[in-house]
>>> print(open('data-v2.txt').read())   # compact mmCIF, C-alpha atoms
# COMPACT_ATOMS: atom_id res chain seq x y z
CA MET A 1 117.31 95.34 122.95
CA ALA A 2 121.09 95.42 123.17
CA SER A 3 123.35 93.35 120.99
CA LYS A 4 127.04 92.70 120.93
CA PHE A 5 127.06 93.72 117.29
CA TYR A 6 126.30 96.82 115.31
CA ALA A 7 126.35 97.59 111.61
CA GLN A 8 129.17 99.59 110.09
CA VAL A 9 129.10 100.95 106.53
CA ALA A 10 132.19 101.21 104.33
CA ARG A 11 131.40 104.72 103.10
CA THR A 12 133.70 104.65 100.08
CA ARG A 13 131.95 101.54 98.75
CA CYS A 14 128.37 102.54 99.59
CA VAL A 15 126.20 103.33 96.55
CA SER A 16 123.59 105.13 98.71
CA CYS A 17 120.69 103.18 97.19
CA GLY A 18 118.84 103.05 100.50
CA ALA A 19 118.05 99.32 100.38
CA CYS A 20 119.40 98.98 103.93
CA THR A 21 117.19 101.75 105.31
CA HIS A 22 114.03 99.91 104.28
CA GLU A 23 115.13 96.73 106.04
CA CYS A 24 116.14 98.23 109.38
CA PRO A 25 113.47 97.45 112.02
CA ARG A 26 114.76 100.27 114.26
CA ASP A 27 115.25 103.05 111.68
CA ALA A 28 118.87 103.09 112.79
CA ILE A 29 120.25 103.61 109.31
CA ARG A 30 119.73 106.50 106.90
CA VAL A 31 121.32 107.79 103.74
CA TRP A 32 123.33 110.92 104.50
CA LYS A 33 122.70 113.59 101.85
CA GLY A 34 122.72 111.06 99.02
CA CYS A 35 126.37 110.19 99.66
CA PHE A 36 126.44 107.10 101.88
CA ALA A 37 124.47 105.20 104.50
CA LEU A 38 124.99 106.17 108.10
CA VAL A 39 124.28 103.94 111.11
CA ASP A 40 123.28 105.17 114.54
CA PRO A 41 125.12 102.59 116.68
CA LEU A 42 122.98 103.43 119.70
CA ARG A 43 119.79 102.45 117.88
CA CYS A 44 121.28 99.53 115.94
CA ILE A 45 120.36 96.15 117.40
CA GLY A 46 122.84 94.26 115.23
CA CYS A 47 120.22 92.13 113.49
CA GLY A 48 122.16 92.16 110.21
CA LYS A 49 119.14 92.73 107.98
CA CYS A 50 120.84 95.74 106.38
CA LYS A 51 123.91 93.65 105.62
CA LYS A 52 121.82 91.03 103.84
CA ALA A 53 120.05 93.69 101.77
CA CYS A 54 123.12 95.68 100.74
CA PRO A 55 123.72 95.15 97.00
CA ALA A 56 127.26 96.49 97.25
CA ASP A 57 128.08 94.27 100.23
CA CYS A 58 129.56 97.24 102.05
CA ILE A 59 128.03 96.66 105.50
CA ASP A 60 129.86 94.68 108.16
CA MET A 61 128.75 93.68 111.61
CA LYS A 62 131.24 94.85 114.22
CA LEU A 63 131.64 93.71 117.79
CA ARG A 64 130.85 96.57 120.16
CA GLU A 65 133.45 95.40 122.65
CA ALA A 66 136.13 95.74 120.03
CA ASP A 67 135.58 99.51 119.86
CA ALA A 68 135.18 100.05 123.57
CA MET B 1 108.27 95.91 113.99
CA LYS B 2 106.27 96.61 110.85
CA LYS B 3 106.79 99.99 109.22
CA SER B 4 103.78 101.96 108.06
CA LYS B 5 103.55 102.13 104.27
CA LYS B 6 103.47 105.37 102.37
CA TRP B 7 101.94 105.99 98.96
CA TYR B 8 105.35 105.84 97.29
CA ASP B 9 106.01 102.36 98.63
CA TYR B 10 103.71 101.10 95.90
CA LEU B 11 105.56 102.62 92.96
CA TRP B 12 106.67 99.15 91.86
CA ILE B 13 103.19 98.98 90.33
CA TRP B 14 104.15 101.93 88.15
CA SER B 15 107.12 99.95 86.85
CA ILE B 16 104.90 97.07 85.74
CA LEU B 17 102.29 99.46 84.35
CA TYR B 18 104.95 101.29 82.31
CA PHE B 19 106.06 98.15 80.47
CA THR B 20 102.48 96.97 80.03
CA LEU B 21 101.40 100.27 78.49
CA GLY B 22 104.47 100.30 76.24
CA PHE B 23 103.68 96.79 75.11
CA PHE B 24 100.36 97.95 73.70
CA ASN B 25 101.27 101.49 72.72
CA ILE B 26 104.93 102.40 72.35
CA LEU B 27 104.24 106.12 72.76
CA PHE B 28 103.83 105.54 76.51
CA ALA B 29 107.60 104.99 76.55
CA TRP B 30 107.95 108.77 76.83
CA LEU B 31 106.62 108.53 80.39
CA GLY B 32 109.92 106.87 81.26
CA MET B 33 111.53 110.30 80.97
CA ILE B 34 110.07 110.96 84.43
CA ASP B 35 112.37 108.23 85.80
CA PHE B 36 115.20 109.84 83.88
CA LEU B 37 114.74 113.48 84.84
CA LEU B 38 113.22 113.34 88.33
CA PRO B 39 116.27 111.70 90.01
CA LEU B 40 118.53 114.32 88.46
CA LEU B 41 116.29 117.22 89.45
CA LEU B 42 115.94 115.93 93.02
CA ALA B 43 119.71 115.47 93.30
CA LEU B 44 120.48 118.86 91.75
CA PHE B 45 117.95 120.90 93.71
CA GLY B 46 117.27 118.69 96.74
CA GLY B 47 120.85 117.51 97.22
CA ASP B 48 119.89 113.93 98.03
CA LYS B 49 118.92 110.62 96.48
CA PHE B 50 115.27 110.78 97.47
CA PHE B 51 114.33 109.19 94.16
CA CYS B 52 116.59 106.13 94.62
CA ASN B 53 115.73 105.85 98.30
CA HIS B 54 111.95 106.19 98.03
CA LEU B 55 110.55 106.71 94.53
CA CYS B 56 112.32 104.21 92.28
CA GLY B 57 109.66 101.78 91.09
CA ARG B 58 112.27 99.52 89.56
CA GLY B 59 114.25 99.23 92.79
CA GLN B 60 111.02 98.45 94.62
CA LEU B 61 110.10 95.83 92.03
CA PHE B 62 113.44 94.09 92.66
CA THR B 63 112.58 94.04 96.37
CA VAL B 64 108.94 92.97 96.02
CA LEU B 65 109.46 90.16 93.47
CA PRO B 66 111.93 88.05 95.49
CA ARG B 67 109.74 88.44 98.58
CA ALA B 68 106.68 87.19 96.72
CA LEU B 69 108.27 84.61 94.44
CA LYS B 70 111.48 83.66 96.29
CA CYS B 71 113.36 84.21 93.06
CA SER B 72 116.64 85.63 94.35
CA ARG B 73 119.59 83.57 95.56
CA GLY B 74 120.48 86.40 97.93
CA LYS B 75 124.21 85.88 97.43
CA PRO B 76 126.60 88.82 97.48
CA ALA B 77 127.42 90.05 93.97
CA PRO B 78 131.03 90.03 92.77
CA ALA B 79 132.83 93.09 94.13
CA TRP B 80 133.68 94.38 90.65
CA LEU B 81 129.97 94.99 89.94
CA SER B 82 129.95 97.81 92.50
CA SER B 83 133.51 98.99 91.84
CA LYS B 84 133.99 102.58 90.73
CA TRP B 85 135.49 101.47 87.41
CA PHE B 86 132.50 99.36 86.49
CA ARG B 87 129.91 101.82 87.80
CA TYR B 88 131.30 104.82 85.96
CA GLY B 89 132.18 102.73 82.90
CA PHE B 90 128.60 101.48 82.74
CA LEU B 91 127.31 105.02 83.25
CA LEU B 92 129.42 106.20 80.30
CA PHE B 93 128.20 103.31 78.17
CA PHE B 94 124.59 103.99 79.16
CA LEU B 95 124.87 107.69 78.32
CA THR B 96 126.49 106.83 74.97
CA MET B 97 123.58 104.53 74.17
CA PHE B 98 121.13 107.25 75.16
CA ALA B 99 122.96 109.71 72.90
CA ASN B 100 122.62 107.14 70.12
CA ILE B 101 118.84 107.05 70.67
CA VAL B 102 118.71 110.85 70.42
CA HIS B 103 120.86 110.69 67.26
CA GLN B 104 118.58 108.08 65.66
CA THR B 105 115.60 110.25 66.57
CA TYR B 106 117.24 113.24 64.90
CA LEU B 107 117.98 111.24 61.73
CA VAL B 108 114.30 110.29 61.48
CA TYR B 109 113.27 113.90 62.19
CA ALA B 110 115.61 115.14 59.46
CA GLY B 111 114.31 112.55 56.99
CA ALA B 112 117.72 110.89 56.70
CA SER B 113 116.45 107.64 58.16
CA SER B 114 113.11 105.88 58.30
CA LEU B 115 111.21 104.79 61.40
CA ARG B 116 112.23 101.35 62.69
CA GLU B 117 109.41 99.66 64.57
CA VAL B 118 111.66 97.41 66.61
CA VAL B 119 112.73 97.11 70.20
CA LYS B 120 116.43 96.41 70.53
CA LEU B 121 117.22 94.21 73.52
CA PHE B 122 120.64 94.29 75.15
CA TRP B 123 121.67 96.78 72.45
CA THR B 124 121.93 93.80 70.07
CA PHE B 125 118.76 91.81 69.41
CA ARG B 126 116.08 93.46 67.29
CA VAL B 127 112.58 92.35 68.32
CA PRO B 128 109.71 93.36 65.99
CA TRP B 129 107.31 95.56 67.98
CA GLY B 130 105.10 96.90 65.19
CA TRP B 131 101.79 96.07 66.92
CA ALA B 132 102.45 98.80 69.46
CA TYR B 133 102.39 101.62 66.92
CA THR B 134 100.00 102.62 64.17
CA ALA B 135 101.86 104.54 61.47
CA GLY B 136 100.78 108.14 61.18
CA THR B 137 99.48 108.43 64.75
CA THR B 138 102.18 110.94 65.48
CA ALA B 139 105.38 112.32 63.94
CA ASP B 140 107.81 109.53 63.08
CA TRP B 141 110.60 110.98 65.22
CA VAL B 142 108.33 110.89 68.28
CA ALA B 143 107.71 107.18 67.68
CA GLN B 144 111.40 106.54 66.95
CA PHE B 145 112.38 107.96 70.34
CA SER B 146 109.70 105.82 71.96
CA PHE B 147 111.08 102.61 70.44
CA GLY B 148 114.64 103.55 71.41
CA PHE B 149 113.80 104.62 74.94
CA TYR B 150 111.55 101.62 75.59
CA SER B 151 114.44 99.40 74.43
CA LEU B 152 116.75 101.07 76.94
CA MET B 153 114.25 100.79 79.78
CA LEU B 154 113.38 97.16 79.00
CA THR B 155 117.02 96.14 78.61
CA SER B 156 118.06 97.71 81.90
CA THR B 157 115.13 96.09 83.69
CA LEU B 158 116.01 92.69 82.24
CA ILE B 159 119.62 93.12 83.39
CA GLY B 160 118.27 94.10 86.80
CA LEU B 161 116.06 91.00 86.92
CA ILE B 162 118.97 88.74 85.96
CA VAL B 163 121.27 90.11 88.68
CA MET B 164 118.33 90.09 91.12
CA ALA B 165 117.92 86.34 90.54
CA LEU B 166 121.64 85.59 90.65
CA TYR B 167 122.65 87.78 93.57
CA ARG B 168 120.89 90.05 96.08
CA PRO B 169 117.50 91.56 95.15
CA ARG B 170 118.72 95.11 94.52
CA THR B 171 122.06 94.29 92.90
CA TRP B 172 121.04 96.45 89.94
CA CYS B 173 121.19 99.48 92.26
CA SER B 174 124.92 98.93 92.80
CA PHE B 175 125.65 99.88 89.18
CA CYS B 176 122.46 101.68 88.12
CA PRO B 177 123.54 104.59 85.91
CA MET B 178 120.95 106.94 87.42
CA GLY B 179 122.10 106.00 90.91
CA SER B 180 125.75 106.57 89.98
CA MET B 181 124.94 109.91 88.40
CA THR B 182 122.85 111.18 91.31
CA GLN B 183 125.44 110.02 93.86
CA LEU B 184 128.11 111.92 91.92
CA ILE B 185 125.94 115.06 92.03
CA CYS B 186 125.29 114.66 95.78
CA LYS B 187 128.97 114.08 96.54
CA ALA B 188 129.90 117.19 94.54
CA LYS B 189 127.22 119.26 96.28
CA HIS B 190 128.27 118.15 99.75
CA ARG B 191 132.02 118.09 99.21
CA GLY B 192 133.87 118.89 102.42
CA GLU B 193 130.81 118.32 104.62
CA GLN B 194 130.79 115.63 107.27
CA PRO B 195 127.86 114.11 109.15
CA GLU B 196 127.55 115.56 112.65
>>> encode(input="data-v2.txt", output="structure tokens")
Amino acid sequence: MASKFYAQVARTRCVSCGACTHECPRDAIRVWKGCFALVDPLRCIGCGKCKKACPADCIDMKLREADA
Amino acid sequence: MKKSKKWYDYLWIWSILYFTLGFFNILFAWLGMIDFLLPLLLALFGGDKFFCNHLCGRGQLFTVLPRALKCSRGKPAPAWLSSKWFRYGFLLFFLTMFANIVHQTYLVYAGASSLREVVKLFWTFRVPWGWAYTAGTTADWVAQFSFGFYSLMLTSTLIGLIVMALYRPRTWCSFCPMGSMTQLICKAKHRGEQPE
């Protein structure tokens, strides 16, 4: 299921708690070596569940077209 | 799509059990050292935050409670709560308070101070907790550490519950001292590395 949006993590602000990973219905987000969360934009469906769960509010939804 | 649950997805029960056991017998507070040492060991030797990401009963409790009771506003927390200054400042404060518990324990061990059967909430309010300990059951210093450590665990959980209600469920995680410490370890271990 494609979406115009995908999640993007501000790595410097991420606290790597993993709250986002539990919310993602597509397993598109993981915590990279305990340092920060990492999104696979190809798997991300842009549902925004990770953004709502993030306690540090460091996830933004980006328009795919903007990066193309 | 529902994810299949693993055994460690139920560790929030451990969190409730810990405080229940400590309510009746303060010596169970020592079990909290698992939550103190395991994250550090996993970060040091595993190089990740497996504890925070999968095994933290407290973090799970803050997720489970709002789902069941709708008790979180779900609003973003103020940015300063997850700022580096606050996180590392709180970590320093937390470690200082832990050192104080160890110091109090030593004073009781050395006979320079007597056992205080109280739980200190928010590092300020002394709550009598005498029912949870029968004098003479064990060495006084063992009990003193239990009272101190249970105070620390209960206080941090209460803070977590308050920010859970006010902001997003796992707001506590954004300034949790254990989380800050383990992230520092992971960043140091993986310095210079980049995800492929």
>>> closest_residue(input="data-v2.txt", among="A:Ala53, A:Ile45, A:Ala10, A:Val39", to="chain B", atoms="only C-alpha atoms")
A:Ala53
>>> residues_around(input="data-v2.txt", residues="segment 189-191 of chain B", least_positions_apart="3", cutoff="7 Å", atoms="only C-alpha atoms", output="list of chain:residue names")
B:Gly47, B:Ile185, B:Cys186
>>> interface_residues(input="data-v2.txt", of="chain A", to="chain B", cutoff="8 Å", atoms="all atoms listed in the file", output="PyMOL selection string")
chain A and resi 13+15-19+25-26+32-35+52-57
>>> residues_around(input="data-v2.txt", residues="Arg64 of chain A", least_positions_apart="3", cutoff="10 Å", atoms="only C-alpha atoms", output="MDAnalysis selection string")
chainID A and resid 3:7 41 46 61 67:68
>>> closest_residue(input="data-v2.txt", among="B:Gly192, B:Ser113, B:Pro177, B:Ala143", to="Phe90 of chain B", atoms="all atoms listed in the file")
B:Pro177
>>> atom_distance(input="data-v2.txt", atom1="atom CA of Ser4 of chain B", atom2="atom CA of Ile162 of chain B")
29.9 Å
>>> residues_near_point(input="data-v2.txt", point="(119.3, 100.8, 106.6)", cutoff="7 Å", atoms="only C-alpha atoms", output="PyMOL selection string")
chain A and resi 18-24+27-30+50
>>> atom_distance(input="data-v2.txt", atom1="atom CA of Val31 of chain A", atom2="atom CA of Leu152 of chain B")
28.0 Å
>>> atom_distance(input="data-v2.txt", atom1="atom CA of Val119 of chain B", atom2="atom CA of Leu107 of chain B")
17.3 Å
>>> decode(input="data-v2.txt", residues="chain A", atoms="C-alpha atoms", output="mmCIF file, in the first residue's frame")
data_model
loop_
_atom_site.group_PDB
_atom_site.id
_atom_site.type_symbol
_atom_site.label_atom_id
_atom_site.label_comp_id
_atom_site.auth_asym_id
_atom_site.auth_seq_id
_atom_site.Cartn_x
_atom_site.Cartn_y
_atom_site.Cartn_z
ATOM 1 C CA MET A 1 0.000 0.000 0.000
ATOM 2 C CA ALA A 2 1.746 3.127 -1.201
ATOM 3 C CA SER A 3 1.425 6.483 0.480
ATOM 4 C CA LYS A 4 2.562 9.951 -0.368
ATOM 5 C CA PHE A 5 4.184 10.147 3.042
ATOM 6 C CA TYR A 6 6.929 8.338 4.871
ATOM 7 C CA ALA A 7 8.365 8.695 8.350
ATOM 8 C CA GLN A 8 11.690 10.392 8.906
ATOM 9 C CA VAL A 9 13.558 10.325 12.220
ATOM 10 C CA ALA A 10 15.633 13.241 13.509
ATOM 11 C CA ARG A 11 18.568 11.071 14.590
ATOM 12 C CA THR A 12 20.164 13.632 16.901
ATOM 13 C CA ARG A 13 16.943 13.911 18.909
ATOM 14 C CA CYS A 14 15.998 10.221 18.946
ATOM 15 C CA VAL A 15 16.314 8.555 22.367
ATOM 16 C CA SER A 16 16.245 5.046 20.821
ATOM 17 C CA CYS A 17 13.535 3.819 23.204
ATOM 18 C CA GLY A 18 11.907 1.697 20.513
ATOM 19 C CA ALA A 19 8.340 2.880 21.167
ATOM 20 C CA CYS A 20 7.947 3.530 17.431
ATOM 21 C CA THR A 21 9.060 0.030 16.438
ATOM 22 C CA HIS A 22 6.225 -1.559 18.411
ATOM 23 C CA GLU A 23 3.620 0.615 16.710
ATOM 24 C CA CYS A 24 4.708 0.110 13.105
ATOM 25 C CA PRO A 25 2.285 -2.267 11.331
ATOM 26 C CA ARG A 26 4.855 -2.976 8.595
ATOM 27 C CA ASP A 27 8.014 -3.447 10.703
ATOM 28 C CA ALA A 28 9.472 -0.592 8.685
ATOM 29 C CA ILE A 29 11.263 0.973 11.629
ATOM 30 C CA ARG A 30 14.014 -0.433 13.832
ATOM 31 C CA VAL A 31 16.501 0.871 16.342
ATOM 32 C CA TRP A 32 19.973 0.896 14.815
ATOM 33 C CA LYS A 33 22.536 -0.455 17.295
ATOM 34 C CA GLY A 34 20.920 1.337 20.229
ATOM 35 C CA CYS A 35 21.707 4.744 18.737
ATOM 36 C CA PHE A 36 18.611 5.911 16.855
ATOM 37 C CA ALA A 37 15.531 4.681 15.016
ATOM 38 C CA LEU A 38 15.889 3.971 11.332
ATOM 39 C CA VAL A 39 13.021 3.905 8.820
ATOM 40 C CA ASP A 40 12.932 1.811 5.675
ATOM 41 C CA PRO A 41 11.107 4.245 3.363
ATOM 42 C CA LEU A 42 10.244 1.446 0.942
ATOM 43 C CA ARG A 43 8.313 -0.448 3.616
ATOM 44 C CA CYS A 44 6.860 2.620 5.344
ATOM 45 C CA ILE A 45 3.208 3.232 4.469
ATOM 46 C CA GLY A 46 3.144 6.667 6.077
ATOM 47 C CA CYS A 47 0.456 5.813 8.615
ATOM 48 C CA GLY A 48 2.026 8.066 11.260
ATOM 49 C CA LYS A 49 1.596 5.626 14.146
ATOM 50 C CA CYS A 50 5.299 5.893 14.978
ATOM 51 C CA LYS A 51 5.049 9.677 15.082
ATOM 52 C CA LYS A 52 2.181 9.518 17.565
ATOM 53 C CA ALA A 53 4.096 7.091 19.787
ATOM 54 C CA CYS A 54 7.429 8.917 19.809
ATOM 55 C CA PRO A 55 7.995 10.382 23.290
ATOM 56 C CA ALA A 56 10.728 12.695 22.015
ATOM 57 C CA ASP A 57 8.575 13.919 19.124
ATOM 58 C CA CYS A 58 11.460 13.377 16.736
ATOM 59 C CA ILE A 59 9.557 11.720 13.869
ATOM 60 C CA ASP A 60 8.142 13.759 10.999
ATOM 61 C CA MET A 61 6.076 12.658 8.060
ATOM 62 C CA LYS A 62 7.695 13.711 4.802
ATOM 63 C CA LEU A 63 6.170 13.951 1.357
ATOM 64 C CA ARG A 64 7.802 11.429 -0.952
ATOM 65 C CA GLU A 65 7.474 13.753 -3.928
ATOM 66 C CA ALA A 66 9.525 16.357 -2.139
ATOM 67 C CA ASP A 67 12.566 14.060 -2.162
ATOM 68 C CA ALA A 68 12.108 12.766 -5.670
#
